[in-house]
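Chemist: Provided herewith: final_17.csv, CSV, C-alpha atoms.
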chain,number,residue,atom,x,y,z
V,708,MET,CA,50.2,20.3,-26.5
V,709,SER,CA,52.6,18.5,-24.2
V,710,LYS,CA,54.0,20.1,-21.1
V,711,ALA,CA,57.6,19.9,-20.1
V,712,ALA,CA,58.2,17.2,-17.5
V,713,LEU,CA,61.3,16.2,-15.6
V,714,ASN,CA,63.4,13.5,-17.4
V,715,ALA,CA,61.1,13.5,-20.4
V,716,GLN,CA,61.9,14.7,-23.9
V,717,ALA,CA,61.7,18.4,-23.9
V,718,PRO,CA,58.7,19.7,-26.0
V,719,ASP,CA,60.2,21.3,-29.1
V,720,PHE,CA,59.4,24.8,-30.2
V,721,ILE,CA,60.4,27.3,-32.8
V,722,LEU,CA,60.1,31.1,-32.1
V,723,ASP,CA,61.7,34.2,-33.6
V,724,ASP,CA,64.0,36.0,-31.3
V,725,PHE,CA,63.6,39.8,-31.0
V,726,GLU,CA,65.9,40.3,-33.9
V,727,GLY,CA,63.9,38.0,-36.1
V,728,ARG,CA,66.1,34.9,-36.1
V,729,ALA,CA,64.2,31.7,-35.8
V,730,ILE,CA,65.3,29.7,-32.7
V,731,ARG,CA,64.4,26.0,-32.6
V,732,LEU,CA,65.1,24.1,-29.4
V,733,SER,CA,65.9,20.8,-31.2
V,734,ASP,CA,68.6,22.6,-33.2
V,735,TYR,CA,70.7,22.5,-30.0
V,736,ARG,CA,70.4,18.7,-29.7
V,737,GLY,CA,73.8,17.0,-29.7
V,738,ARG,CA,75.5,20.4,-29.6
V,739,LYS,CA,74.6,22.4,-26.5
V,740,ILE,CA,72.8,22.2,-23.1
V,741,VAL,CA,70.0,24.8,-23.1
V,742,VAL,CA,69.2,26.8,-20.0
V,743,LEU,CA,65.6,28.1,-20.5
V,744,VAL,CA,64.6,31.0,-18.4
V,745,LEU,CA,60.8,31.6,-18.4
V,746,ASN,CA,60.3,35.2,-17.5
V,747,ARG,CA,57.2,36.8,-16.3
V,748,GLY,CA,57.7,40.1,-18.2
V,749,PHE,CA,59.7,43.2,-17.8
V,750,MET,CA,57.1,45.3,-16.1
I,614,MET,CA,69.0,38.8,-15.3
I,615,ALA,CA,72.0,40.9,-14.1
I,616,GLN,CA,73.4,37.8,-12.5
I,617,LEU,CA,73.0,35.8,-15.7
I,618,ARG,CA,74.7,38.6,-17.6
I,619,ARG,CA,77.6,38.6,-15.2
I,620,ASP,CA,78.0,34.8,-15.3
I,621,TYR,CA,77.1,34.3,-18.9
I,622,HIS,CA,80.7,33.4,-19.9
I,623,ARG,CA,80.7,30.6,-17.3
I,624,PHE,CA,77.6,29.1,-19.0
I,625,VAL,CA,79.3,29.3,-22.4
I,626,GLU,CA,82.4,27.6,-20.9
I,627,ARG,CA,80.1,24.8,-19.8
I,628,ASN,CA,78.8,24.4,-23.4
I,629,ALA,CA,75.4,25.8,-22.6
I,630,GLU,CA,73.2,28.4,-24.3
I,631,VAL,CA,70.9,30.7,-22.3
I,632,ILE,CA,67.5,31.4,-23.8
I,633,VAL,CA,65.2,33.9,-22.0
I,634,VAL,CA,61.5,33.5,-22.9
I,635,GLY,CA,59.0,36.2,-21.9
I,636,PRO,CA,55.4,37.4,-22.7
I,637,ASP,CA,56.6,40.8,-23.9
I,638,ASP,CA,56.8,41.7,-27.6
I,639,ALA,CA,59.9,42.0,-29.8
I,640,ASP,CA,60.1,45.8,-29.3
I,641,ALA,CA,60.0,45.5,-25.5
I,642,PHE,CA,62.7,42.8,-25.6
I,643,ALA,CA,64.9,44.9,-27.9
I,644,ASP,CA,64.7,47.9,-25.6
I,645,TYR,CA,65.4,45.8,-22.5
I,646,TRP,CA,68.3,44.0,-24.1
I,647,ARG,CA,69.8,47.3,-25.3
I,648,GLU,CA,69.4,48.9,-21.9
I,649,GLN,CA,70.9,46.0,-20.0
I,650,SER,CA,73.3,44.9,-22.8
I,651,LEU,CA,72.4,41.2,-22.4
I,652,PRO,CA,74.5,38.7,-24.3
I,653,PHE,CA,72.0,35.8,-24.5
I,654,ILE,CA,69.0,34.9,-26.7
I,655,GLY,CA,65.8,36.8,-26.0
I,656,LEU,CA,62.6,35.1,-27.2
I,657,PRO,CA,59.4,37.1,-27.2
I,658,ASP,CA,56.4,34.8,-26.7
I,659,PRO,CA,53.3,37.0,-26.6
I,660,ASP,CA,51.1,34.1,-27.4
I,661,GLY,CA,52.6,32.1,-24.5
I,662,SER,CA,53.2,29.0,-26.6
I,663,VAL,CA,56.5,28.2,-24.9
I,664,LEU,CA,55.6,29.8,-21.6
I,665,LYS,CA,52.5,27.5,-21.3
I,666,ARG,CA,54.5,24.4,-22.0
I,667,TYR,CA,57.5,25.2,-19.8
I,668,GLY,CA,56.1,27.5,-17.3
I,669,GLN,CA,53.5,27.1,-14.6
I,670,GLU,CA,49.8,27.6,-14.7
I,671,PHE,CA,48.6,31.1,-14.8
I,672,ASN,CA,47.7,32.2,-11.3
I,673,LEU,CA,45.2,35.0,-11.2
I,674,PHE,CA,45.8,35.6,-7.5
I,675,LYS,CA,49.4,36.2,-8.1
I,676,PHE,CA,48.8,38.4,-11.1
I,677,GLY,CA,50.2,36.0,-13.7
I,678,ARG,CA,52.8,33.4,-14.1
I,679,MET,CA,55.7,33.1,-11.7
I,680,PRO,CA,59.2,32.7,-13.1
I,681,ALA,CA,60.4,29.2,-14.0
I,682,GLN,CA,63.7,27.7,-15.2
I,683,ALA,CA,64.4,24.5,-17.2
I,684,ILE,CA,67.6,22.8,-18.3
I,685,VAL,CA,67.5,20.6,-21.4
I,686,ASP,CA,70.5,18.3,-21.9
I,687,LYS,CA,72.2,17.5,-25.2
I,688,ALA,CA,70.0,14.5,-25.8
I,689,GLY,CA,67.0,16.9,-25.6
I,690,ARG,CA,65.7,15.8,-22.3
I,691,VAL,CA,64.5,18.0,-19.5
I,692,ARG,CA,66.9,17.5,-16.6
I,693,TYR,CA,65.9,20.3,-14.3
I,694,LEU,CA,62.6,22.1,-13.9
I,695,HIS,CA,62.1,24.8,-11.3
I,696,TYR,CA,58.8,26.6,-10.7
I,697,GLY,CA,59.3,29.8,-8.6
I,698,ARG,CA,56.8,30.3,-5.8
I,699,SER,CA,57.4,34.1,-5.9
I,700,MET,CA,59.0,36.6,-8.1
I,701,SER,CA,62.3,36.3,-6.2
I,702,ASP,CA,62.2,32.5,-6.1
I,703,ILE,CA,64.9,32.1,-8.8
I,704,PRO,CA,67.9,29.7,-8.6
I,705,SER,CA,71.3,31.4,-8.4
I,706,SER,CA,73.7,31.1,-11.3
I,707,GLU,CA,75.9,29.0,-9.0
I,708,GLN,CA,73.1,26.4,-8.6
I,709,LEU,CA,72.6,26.3,-12.4
I,710,LEU,CA,76.3,26.1,-13.1
I,711,THR,CA,76.7,23.2,-10.6
I,712,LEU,CA,73.9,21.4,-12.5
I,713,LEU,CA,75.7,22.0,-15.8
I,714,ASP,CA,78.9,20.6,-14.4
I,715,ASP,CA,77.0,17.5,-13.3
I,716,LEU,CA,75.4,17.1,-16.8
I,717,ASN,CA,78.8,17.6,-18.5
I,718,ARG,CA,80.4,15.0,-16.2
I,719,GLN,CA,77.5,12.5,-17.0
I,720,GLY,CA,78.0,13.3,-20.7
I,721,GLU,CA,81.7,12.5,-20.6
I,722,ARG,CA,81.0,9.2,-18.7
I,723,ALA,CA,78.4,8.3,-21.3
I,724,ALA,CA,80.9,9.0,-24.1
I,725,THR,CA,83.7,7.0,-22.4
I,726,LYS,CA,81.2,4.1,-22.0
I,727,ARG,CA,80.3,4.2,-25.7
I,728,GLN,CA,84.0,4.2,-26.6
I,729,THR,CA,84.6,1.1,-24.5
I,730,THR,CA,81.6,-0.6,-26.0
I,731,ASP,CA,82.9,0.3,-29.5
I,732,ASP,CA,86.3,-1.2,-28.6
I,733,THR,CA,84.6,-4.4,-27.4
I,734,ASP,CA,82.7,-4.6,-30.7
I,735,ASP,CA,85.9,-4.2,-32.6
I,736,THR,CA,87.5,-7.1,-30.7
I,737,ASP,CA,84.5,-9.2,-31.4
I,738,ILE,CA,84.7,-8.5,-35.1
I,739,LEU,CA,88.5,-9.3,-35.0
I,740,ARG,CA,87.7,-12.5,-33.3
I,741,SER,CA,85.1,-13.5,-35.8
I,742,CYS,CA,87.6,-12.7,-38.6
I,743,ARG,CA,90.1,-15.1,-37.2
Let's see the structure in the file written out as structure tokens.
Modeler:
Amino acid sequence: MSKAALNAQAPDFILDDFEGRAIRLSDYRGRKIVVLVLNRGFM
Amino acid sequence: MAQLRRDYHRFVERNAEVIVVGPDDADAFADYWREQSLPFIGLPDPDGSVLKRYGQEFNLFKFGRMPAQAIVDKAGRVRYLHYGRSMSDIPSSEQLLTLLDDLNRQGERAATKRQTTDDTDDTDILRSCR
């Protein structure tokens, strides 16, 4: 499992959002810049 | 999160999507999103599959993973990676928006360069036709 590194290709992922829609990072390629916010949790 | 919600339209204007990943489950995300009426994508990652790859190492002494932010450009490359040293060590929207402006400017320059290269190629083809 590769880790994200600066100026390297972003490791792709696919996860369901909380409404059940599948979100794949590479689907944004060529379309949008992605701002990823890695949260620690809501507690 | 409140700051991101307030400035979300400015991210959209800069052709960016905001995706928030967290360890909570879908129900916790749904509750939080409803309470805060957040406009961006919320990705529950209870297994930590994305958090492990994009976040930092789990730190037992700090009771878990500190927040982190990444920006992935249109070519799918990581152009910004920030690991918070504390819960409040989070870049401001302004910092992120400035980075997006830089990326968009670079993107435009790259597109112009491609255009110029294409034109040159056309001329070469024309020349070889003659």
Chemist: Go ahead and compute the interatomic distance for atom CA of Gly697 of chain I and atom CA of Asp714 of chain I, in Å to one decimal.
Modeler: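 Distance between the two atoms: 22.4 Å.
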Chemist: Given all atoms listed in the file as the basis, pick out the residue of V:Arg728, V:Leu743, V:Asp723, V:Phe749 nearest to Ala641 of chain I.
Modeler: V:Phe749
Chemist: Using all atoms listed in the file, I'd like every residue of chain I that has an atom within 6 Å of chain V; please write them out as a PyMOL selection string.
Modeler: chain I and resi 628-637+639+655-656+666-667+678+680-692
Chemist: May I have the selected residues written with C-alpha atoms, as a PDB file, in the frame of the given file?
Modeler:
ATOM      1  CA  ASN I 628      78.800  24.400 -23.400  1.00  0.00           C
ATOM      2  CA  ALA I 629      75.400  25.800 -22.600  1.00  0.00           C
ATOM      3  CA  GLU I 630      73.200  28.400 -24.300  1.00  0.00           C
ATOM      4  CA  VAL I 631      70.900  30.700 -22.300  1.00  0.00           C
ATOM      5  CA  ILE I 632      67.500  31.400 -23.800  1.00  0.00           C
ATOM      6  CA  VAL I 633      65.200  33.900 -22.000  1.00  0.00           C
ATOM      7  CA  VAL I 634      61.500  33.500 -22.900  1.00  0.00           C
ATOM      8  CA  GLY I 635      59.000  36.200 -21.900  1.00  0.00           C
ATOM      9  CA  PRO I 636      55.400  37.400 -22.700  1.00  0.00           C
ATOM     10  CA  ASP I 637      56.600  40.800 -23.900  1.00  0.00           C
ATOM     11  CA  ALA I 639      59.900  42.000 -29.800  1.00  0.00           C
ATOM     12  CA  GLY I 655      65.800  36.800 -26.000  1.00  0.00           C
ATOM     13  CA  LEU I 656      62.600  35.100 -27.200  1.00  0.00           C
ATOM     14  CA  ARG I 666      54.500  24.400 -22.000  1.00  0.00           C
ATOM     15  CA  TYR I 667      57.500  25.200 -19.800  1.00  0.00           C
ATOM     16  CA  ARG I 678      52.800  33.400 -14.100  1.00  0.00           C
ATOM     17  CA  PRO I 680      59.200  32.700 -13.100  1.00  0.00           C
ATOM     18  CA  ALA I 681      60.400  29.200 -14.000  1.00  0.00           C
ATOM     19  CA  GLN I 682      63.700  27.700 -15.200  1.00  0.00           C
ATOM     20  CA  ALA I 683      64.400  24.500 -17.200  1.00  0.00           C
ATOM     21  CA  ILE I 684      67.600  22.800 -18.300  1.00  0.00           C
ATOM     22  CA  VAL I 685      67.500  20.600 -21.400  1.00  0.00           C
ATOM     23  CA  ASP I 686      70.500  18.300 -21.900  1.00  0.00           C
ATOM     24  CA  LYS I 687      72.200  17.500 -25.200  1.00  0.00           C
ATOM     25  CA  ALA I 688      70.000  14.500 -25.800  1.00  0.00           C
ATOM     26  CA  GLY I 689      67.000  16.900 -25.600  1.00  0.00           C
ATOM     27  CA  ARG I 690      65.700  15.800 -22.300  1.00  0.00           C
ATOM     28  CA  VAL I 691      64.500  18.000 -19.500  1.00  0.00           C
ATOM     29  CA  ARG I 692      66.900  17.500 -16.600  1.00  0.00           C
TER      30      ARG I 692
END
Chemist: Grab the atom CA of Leu651 of chain I to atom CA of Leu617 of chain I distance for me, in Å with one decimal place.
Modeler: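 Straight-line distance from atom CA of Leu651 of chain I to atom CA of Leu617 of chain I works out to 8.6 Å.
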